[in-house]
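Data from protein_28.cif: mmCIF, N, CA and C atoms
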```
data_protein
loop_
_atom_site.label_atom_id
_atom_site.label_comp_id
_atom_site.auth_asym_id
_atom_site.auth_seq_id
_atom_site.Cartn_x
_atom_site.Cartn_y
_atom_site.Cartn_z
N MET A 14 0.82 -1.19 0.00
CA MET A 14 0.00 0.00 0.00
C MET A 14 0.87 1.26 0.00
N LYS A 15 1.98 1.23 0.77
CA LYS A 15 2.86 2.39 0.82
C LYS A 15 3.48 2.66 -0.55
N LYS A 16 3.84 1.57 -1.25
CA LYS A 16 4.43 1.73 -2.58
C LYS A 16 3.41 2.34 -3.54
N PHE A 17 2.16 1.93 -3.41
CA PHE A 17 1.11 2.45 -4.28
C PHE A 17 0.90 3.95 -4.04
N VAL A 18 0.87 4.37 -2.79
CA VAL A 18 0.69 5.79 -2.45
C VAL A 18 1.89 6.60 -2.95
N LEU A 19 3.09 6.08 -2.75
CA LEU A 19 4.30 6.77 -3.20
C LEU A 19 4.32 6.88 -4.72
N LEU A 20 3.95 5.80 -5.41
CA LEU A 20 3.91 5.81 -6.87
C LEU A 20 2.84 6.77 -7.37
N SER A 21 1.69 6.76 -6.74
CA SER A 21 0.60 7.67 -7.13
C SER A 21 1.00 9.12 -6.93
N ALA A 22 1.63 9.42 -5.81
CA ALA A 22 2.05 10.79 -5.55
C ALA A 22 3.12 11.25 -6.55
N THR A 23 4.03 10.34 -6.88
CA THR A 23 5.08 10.66 -7.85
C THR A 23 4.47 10.93 -9.22
N LEU A 24 3.55 10.08 -9.65
CA LEU A 24 2.89 10.27 -10.94
C LEU A 24 2.07 11.56 -10.96
N LEU A 25 1.37 11.84 -9.88
CA LEU A 25 0.59 13.07 -9.79
C LEU A 25 1.48 14.30 -9.90
N LEU A 26 2.61 14.27 -9.21
CA LEU A 26 3.57 15.38 -9.27
C LEU A 26 4.14 15.52 -10.67
N ALA A 27 4.50 14.42 -11.29
CA ALA A 27 5.07 14.46 -12.65
C ALA A 27 4.03 14.99 -13.64
N MET A 28 2.80 14.54 -13.55
CA MET A 28 1.76 14.99 -14.47
C MET A 28 1.45 16.47 -14.27
N SER A 29 1.45 16.93 -13.03
CA SER A 29 1.18 18.36 -12.81
C SER A 29 2.31 19.22 -13.35
N MET A 30 3.55 18.74 -13.29
CA MET A 30 4.67 19.49 -13.84
C MET A 30 4.60 19.52 -15.37
N ILE A 31 4.18 18.42 -15.97
CA ILE A 31 4.10 18.35 -17.43
C ILE A 31 3.01 19.28 -17.96
N TYR A 32 1.84 19.24 -17.35
CA TYR A 32 0.71 20.01 -17.86
C TYR A 32 0.67 21.44 -17.37
N ALA A 33 1.42 21.79 -16.35
CA ALA A 33 1.40 23.17 -15.84
C ALA A 33 1.97 24.14 -16.86
N GLY A 34 2.98 23.72 -17.60
CA GLY A 34 3.59 24.61 -18.59
C GLY A 34 2.69 24.87 -19.78
N GLY A 35 1.78 23.97 -20.10
CA GLY A 35 0.93 24.14 -21.26
C GLY A 35 -0.46 24.61 -20.93
N ALA A 36 -0.73 24.94 -19.68
CA ALA A 36 -2.07 25.30 -19.27
C ALA A 36 -2.49 26.65 -19.85
N ALA A 37 -1.59 27.60 -19.87
CA ALA A 37 -1.94 28.93 -20.37
C ALA A 37 -1.76 28.98 -21.88
N GLU A 38 -2.65 29.66 -22.53
CA GLU A 38 -2.54 29.81 -23.98
C GLU A 38 -1.44 30.82 -24.28
N ARG A 39 -0.53 30.45 -25.13
CA ARG A 39 0.59 31.32 -25.44
C ARG A 39 0.30 32.06 -26.74
N THR A 40 0.44 33.38 -26.68
CA THR A 40 0.25 34.19 -27.87
C THR A 40 1.47 35.07 -28.05
N ALA A 41 1.78 35.36 -29.28
CA ALA A 41 2.92 36.22 -29.57
C ALA A 41 2.57 37.66 -29.24
N ALA A 42 3.56 38.39 -28.80
CA ALA A 42 3.36 39.81 -28.51
C ALA A 42 3.12 40.55 -29.82
N PRO A 43 2.29 41.58 -29.79
CA PRO A 43 2.05 42.33 -31.02
C PRO A 43 3.35 43.02 -31.47
N PRO A 44 3.53 43.19 -32.76
CA PRO A 44 4.75 43.83 -33.23
C PRO A 44 4.82 45.28 -32.79
N ALA A 45 6.03 45.73 -32.54
CA ALA A 45 6.22 47.13 -32.14
C ALA A 45 5.92 48.04 -33.31
N PRO A 46 5.35 49.21 -33.04
CA PRO A 46 5.04 50.12 -34.13
C PRO A 46 6.33 50.65 -34.77
N VAL A 47 6.26 50.89 -36.05
CA VAL A 47 7.41 51.44 -36.76
C VAL A 47 7.43 52.94 -36.53
N VAL A 48 8.56 53.42 -36.05
CA VAL A 48 8.70 54.85 -35.77
C VAL A 48 9.69 55.43 -36.77
N SER A 49 9.27 56.47 -37.42
CA SER A 49 10.13 57.13 -38.39
C SER A 49 10.40 58.55 -37.89
N TYR A 50 11.67 58.92 -37.90
CA TYR A 50 12.03 60.26 -37.42
C TYR A 50 13.00 60.85 -38.41
N GLU A 51 12.68 62.00 -38.91
CA GLU A 51 13.53 62.68 -39.87
C GLU A 51 14.24 63.83 -39.19
N VAL A 52 15.54 63.87 -39.29
CA VAL A 52 16.33 64.96 -38.72
C VAL A 52 16.31 66.11 -39.71
N THR A 53 15.77 67.24 -39.28
CA THR A 53 15.64 68.39 -40.18
C THR A 53 16.55 69.55 -39.81
N GLU A 54 17.17 69.46 -38.64
CA GLU A 54 18.11 70.50 -38.23
C GLU A 54 19.27 69.84 -37.50
N PRO A 55 20.42 70.50 -37.45
CA PRO A 55 21.61 69.88 -36.84
C PRO A 55 21.41 69.58 -35.35
N ILE A 56 21.87 68.41 -34.94
CA ILE A 56 21.86 68.05 -33.53
C ILE A 56 23.22 67.47 -33.16
N THR A 57 23.56 67.56 -31.89
CA THR A 57 24.81 67.00 -31.39
C THR A 57 24.50 65.97 -30.31
N ILE A 58 25.16 64.83 -30.41
CA ILE A 58 24.99 63.75 -29.43
C ILE A 58 26.33 63.57 -28.73
N GLU A 59 26.31 63.59 -27.39
CA GLU A 59 27.50 63.25 -26.60
C GLU A 59 27.43 61.77 -26.28
N TRP A 60 28.37 61.02 -26.81
CA TRP A 60 28.43 59.58 -26.57
C TRP A 60 29.39 59.34 -25.42
N TRP A 61 28.85 59.08 -24.23
CA TRP A 61 29.68 58.80 -23.06
C TRP A 61 30.08 57.34 -23.13
N HIS A 62 31.36 57.08 -23.05
CA HIS A 62 31.83 55.70 -23.11
C HIS A 62 32.90 55.48 -22.05
N ALA A 63 33.19 54.22 -21.80
CA ALA A 63 34.20 53.85 -20.80
C ALA A 63 35.25 52.96 -21.42
N GLN A 64 35.48 53.12 -22.72
CA GLN A 64 36.50 52.31 -23.37
C GLN A 64 37.88 52.70 -22.86
N GLU A 65 38.75 51.74 -22.74
CA GLU A 65 40.11 52.01 -22.28
C GLU A 65 40.89 52.70 -23.39
N GLN A 66 41.96 53.36 -23.01
CA GLN A 66 42.73 54.20 -23.93
C GLN A 66 43.18 53.47 -25.20
N PRO A 67 43.56 52.20 -25.15
CA PRO A 67 43.95 51.54 -26.41
C PRO A 67 42.82 51.50 -27.45
N TYR A 68 41.58 51.64 -27.02
CA TYR A 68 40.44 51.58 -27.94
C TYR A 68 39.98 52.96 -28.41
N TRP A 69 40.57 54.03 -27.92
CA TRP A 69 40.13 55.37 -28.31
C TRP A 69 40.26 55.61 -29.81
N PRO A 70 41.32 55.13 -30.49
CA PRO A 70 41.35 55.32 -31.95
C PRO A 70 40.17 54.63 -32.65
N LEU A 71 39.74 53.49 -32.17
CA LEU A 71 38.59 52.81 -32.74
C LEU A 71 37.32 53.62 -32.49
N VAL A 72 37.18 54.16 -31.28
CA VAL A 72 36.03 55.00 -30.96
C VAL A 72 36.02 56.20 -31.89
N ASP A 73 37.18 56.83 -32.09
CA ASP A 73 37.25 57.99 -32.98
C ASP A 73 36.87 57.60 -34.41
N GLU A 74 37.26 56.41 -34.83
CA GLU A 74 36.92 55.94 -36.17
C GLU A 74 35.41 55.74 -36.32
N VAL A 75 34.78 55.18 -35.30
CA VAL A 75 33.33 54.97 -35.33
C VAL A 75 32.62 56.32 -35.36
N VAL A 76 33.07 57.25 -34.54
CA VAL A 76 32.46 58.58 -34.50
C VAL A 76 32.62 59.28 -35.85
N GLU A 77 33.81 59.22 -36.42
CA GLU A 77 34.06 59.86 -37.70
C GLU A 77 33.18 59.25 -38.80
N GLY A 78 33.05 57.93 -38.79
CA GLY A 78 32.19 57.26 -39.76
C GLY A 78 30.74 57.69 -39.62
N SER A 79 30.27 57.80 -38.38
CA SER A 79 28.89 58.24 -38.15
C SER A 79 28.70 59.68 -38.59
N ASN A 80 29.64 60.54 -38.25
CA ASN A 80 29.53 61.95 -38.62
C ASN A 80 29.56 62.13 -40.13
N ASN A 81 30.35 61.31 -40.84
CA ASN A 81 30.41 61.40 -42.30
C ASN A 81 29.14 60.86 -42.96
N THR A 82 28.51 59.88 -42.32
CA THR A 82 27.31 59.26 -42.88
C THR A 82 26.06 60.09 -42.65
N HIS A 83 26.02 60.80 -41.52
CA HIS A 83 24.83 61.58 -41.13
C HIS A 83 25.22 63.04 -40.96
N PRO A 84 25.08 63.84 -42.02
CA PRO A 84 25.59 65.21 -41.97
C PRO A 84 24.90 66.13 -40.95
N LEU A 85 23.67 65.85 -40.60
CA LEU A 85 22.97 66.72 -39.63
C LEU A 85 23.13 66.27 -38.19
N ILE A 86 23.78 65.13 -37.99
CA ILE A 86 23.98 64.61 -36.64
C ILE A 86 25.48 64.58 -36.36
N THR A 87 25.89 65.28 -35.30
CA THR A 87 27.28 65.29 -34.88
C THR A 87 27.41 64.49 -33.60
N VAL A 88 28.28 63.49 -33.62
CA VAL A 88 28.53 62.68 -32.44
C VAL A 88 29.88 63.10 -31.85
N GLU A 89 29.88 63.35 -30.56
CA GLU A 89 31.12 63.69 -29.84
C GLU A 89 31.36 62.61 -28.79
N ALA A 90 32.50 61.91 -28.90
CA ALA A 90 32.84 60.87 -27.94
C ALA A 90 33.41 61.51 -26.68
N LYS A 91 32.88 61.14 -25.54
CA LYS A 91 33.34 61.65 -24.25
C LYS A 91 33.68 60.46 -23.36
N HIS A 92 34.95 60.34 -23.00
CA HIS A 92 35.34 59.27 -22.08
C HIS A 92 34.87 59.66 -20.68
N LEU A 93 34.29 58.73 -19.96
CA LEU A 93 33.72 59.03 -18.64
C LEU A 93 34.72 59.63 -17.68
N CYS A 94 35.99 59.24 -17.76
CA CYS A 94 36.99 59.79 -16.83
C CYS A 94 37.36 61.22 -17.20
N ARG A 95 37.12 61.64 -18.44
CA ARG A 95 37.47 62.98 -18.86
C ARG A 95 36.29 63.95 -18.80
N ILE A 96 35.12 63.50 -18.38
CA ILE A 96 33.95 64.36 -18.36
C ILE A 96 33.98 65.33 -17.19
N ARG A 97 34.52 64.93 -16.08
CA ARG A 97 34.49 65.75 -14.87
C ARG A 97 35.20 67.05 -15.04
#
```
Is it possible to give me this structure as structure tokens?
Amino acid sequence: MKKFVLLSATLLLAMSMIYAGGAAERTAAPPAPVVSYEVTEPITIEWWHAQEQPYWPLVDEVVEGSNNTHPLITVEAKHLCRIR
């Protein structure tokens, strides 16, 4: 009798774990709305970063590439230790 109760309890626990995950109906989240923004006047963005000094030339390269690609947006890289 003890084995039967133990087996029944184990099966009940296993079945509840199996079916608990599928109990709620799963639906996908609605897609995010598409936002379009047109830059019509010059703006400046301060990009605060914490890259170590060996990476500063790479940061400058990324900033220069962004500034060349987007003429109305100016990005200025600011290292966190040099902001104060």
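Nearest-residue note for Pro55 (chain A): choosing from A:Leu71, A:Val88, A:Ile31, A:Leu26, the minimum distance belongs to A:Val88, counting only C-alpha atoms.
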Check chain A with DSSP on the backbone and list each residue it calls strand (DSSP E or B), as number ranges by chain. A: 56-62, 86-92
Write out as a PyMOL selection string all residues of chain A that backbone DSSP assigns to helix (DSSP H, G or I). chain A and resi 15-33+66-82+93-95
Pairwise distance for atom C of Thr53 (chain A) and atom N of His92 (chain A), rounded to one decimal in Å: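 Computing it gives 26.6 Å between the two atoms.
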Between CA of Met30 (chain A) and CA of Pro43 (chain A), measure the distance and give it in Å to one decimal. 28.7 Å
List, as a count of residues only, every residue that the PyMOL selection byres ((chain A and resi 64) around 8) selects in the file provided. 12
From the list A:Leu85, A:Ala90, A:Pro44, A:Glu54, the nearest residue to Val72 (chain A) using only N, CA and C atoms is A:Ala90
I'd like the box whose edges run along x, y and z of the file and which contains every listed atom of region 48-63 of chain A, padded by 3 Å per side; could you state its centre and edge lengths in Å, one decimal, as lines of an AutoDock Vina configuration file?
```
center_x = 21.9
center_y = 61.7
center_z = -30.5
size_x = 32.7
size_y = 23.5
size_z = 25.4
```
Expand the PyMOL selection byres (((chain A and resi 84 and name CA) around 10) and name CA) into the explicit residue set it covers here, and present it as an mmCIF file with N, CA and C atoms, keeping the file's coordinate frame.
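As a result, out.cif now contains:
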```cif
data_model
loop_
_atom_site.group_PDB
_atom_site.id
_atom_site.type_symbol
_atom_site.label_atom_id
_atom_site.label_comp_id
_atom_site.auth_asym_id
_atom_site.auth_seq_id
_atom_site.Cartn_x
_atom_site.Cartn_y
_atom_site.Cartn_z
ATOM 1 N N VAL A 52 15.540 63.870 -39.290
ATOM 2 C CA VAL A 52 16.330 64.960 -38.720
ATOM 3 C C VAL A 52 16.310 66.110 -39.710
ATOM 4 N N GLU A 54 17.170 69.460 -38.640
ATOM 5 C CA GLU A 54 18.110 70.500 -38.230
ATOM 6 C C GLU A 54 19.270 69.840 -37.500
ATOM 7 N N PRO A 55 20.420 70.500 -37.450
ATOM 8 C CA PRO A 55 21.610 69.880 -36.840
ATOM 9 C C PRO A 55 21.410 69.580 -35.350
ATOM 10 N N ILE A 56 21.870 68.410 -34.940
ATOM 11 C CA ILE A 56 21.860 68.050 -33.530
ATOM 12 C C ILE A 56 23.220 67.470 -33.160
ATOM 13 N N SER A 79 30.270 57.800 -38.380
ATOM 14 C CA SER A 79 28.890 58.240 -38.150
ATOM 15 C C SER A 79 28.700 59.680 -38.590
ATOM 16 N N ASN A 80 29.640 60.540 -38.250
ATOM 17 C CA ASN A 80 29.530 61.950 -38.620
ATOM 18 C C ASN A 80 29.560 62.130 -40.130
ATOM 19 N N ASN A 81 30.350 61.310 -40.840
ATOM 20 C CA ASN A 81 30.410 61.400 -42.300
ATOM 21 C C ASN A 81 29.140 60.860 -42.960
ATOM 22 N N THR A 82 28.510 59.880 -42.320
ATOM 23 C CA THR A 82 27.310 59.260 -42.880
ATOM 24 C C THR A 82 26.060 60.090 -42.650
ATOM 25 N N HIS A 83 26.020 60.800 -41.520
ATOM 26 C CA HIS A 83 24.830 61.580 -41.130
ATOM 27 C C HIS A 83 25.220 63.040 -40.960
ATOM 28 N N LEU A 85 23.670 65.850 -40.600
ATOM 29 C CA LEU A 85 22.970 66.720 -39.630
ATOM 30 C C LEU A 85 23.130 66.270 -38.190
ATOM 31 N N ILE A 86 23.780 65.130 -37.990
ATOM 32 C CA ILE A 86 23.980 64.610 -36.640
ATOM 33 C C ILE A 86 25.480 64.580 -36.360
ATOM 34 N N THR A 87 25.890 65.280 -35.300
ATOM 35 C CA THR A 87 27.280 65.290 -34.880
ATOM 36 C C THR A 87 27.410 64.490 -33.600
#
```
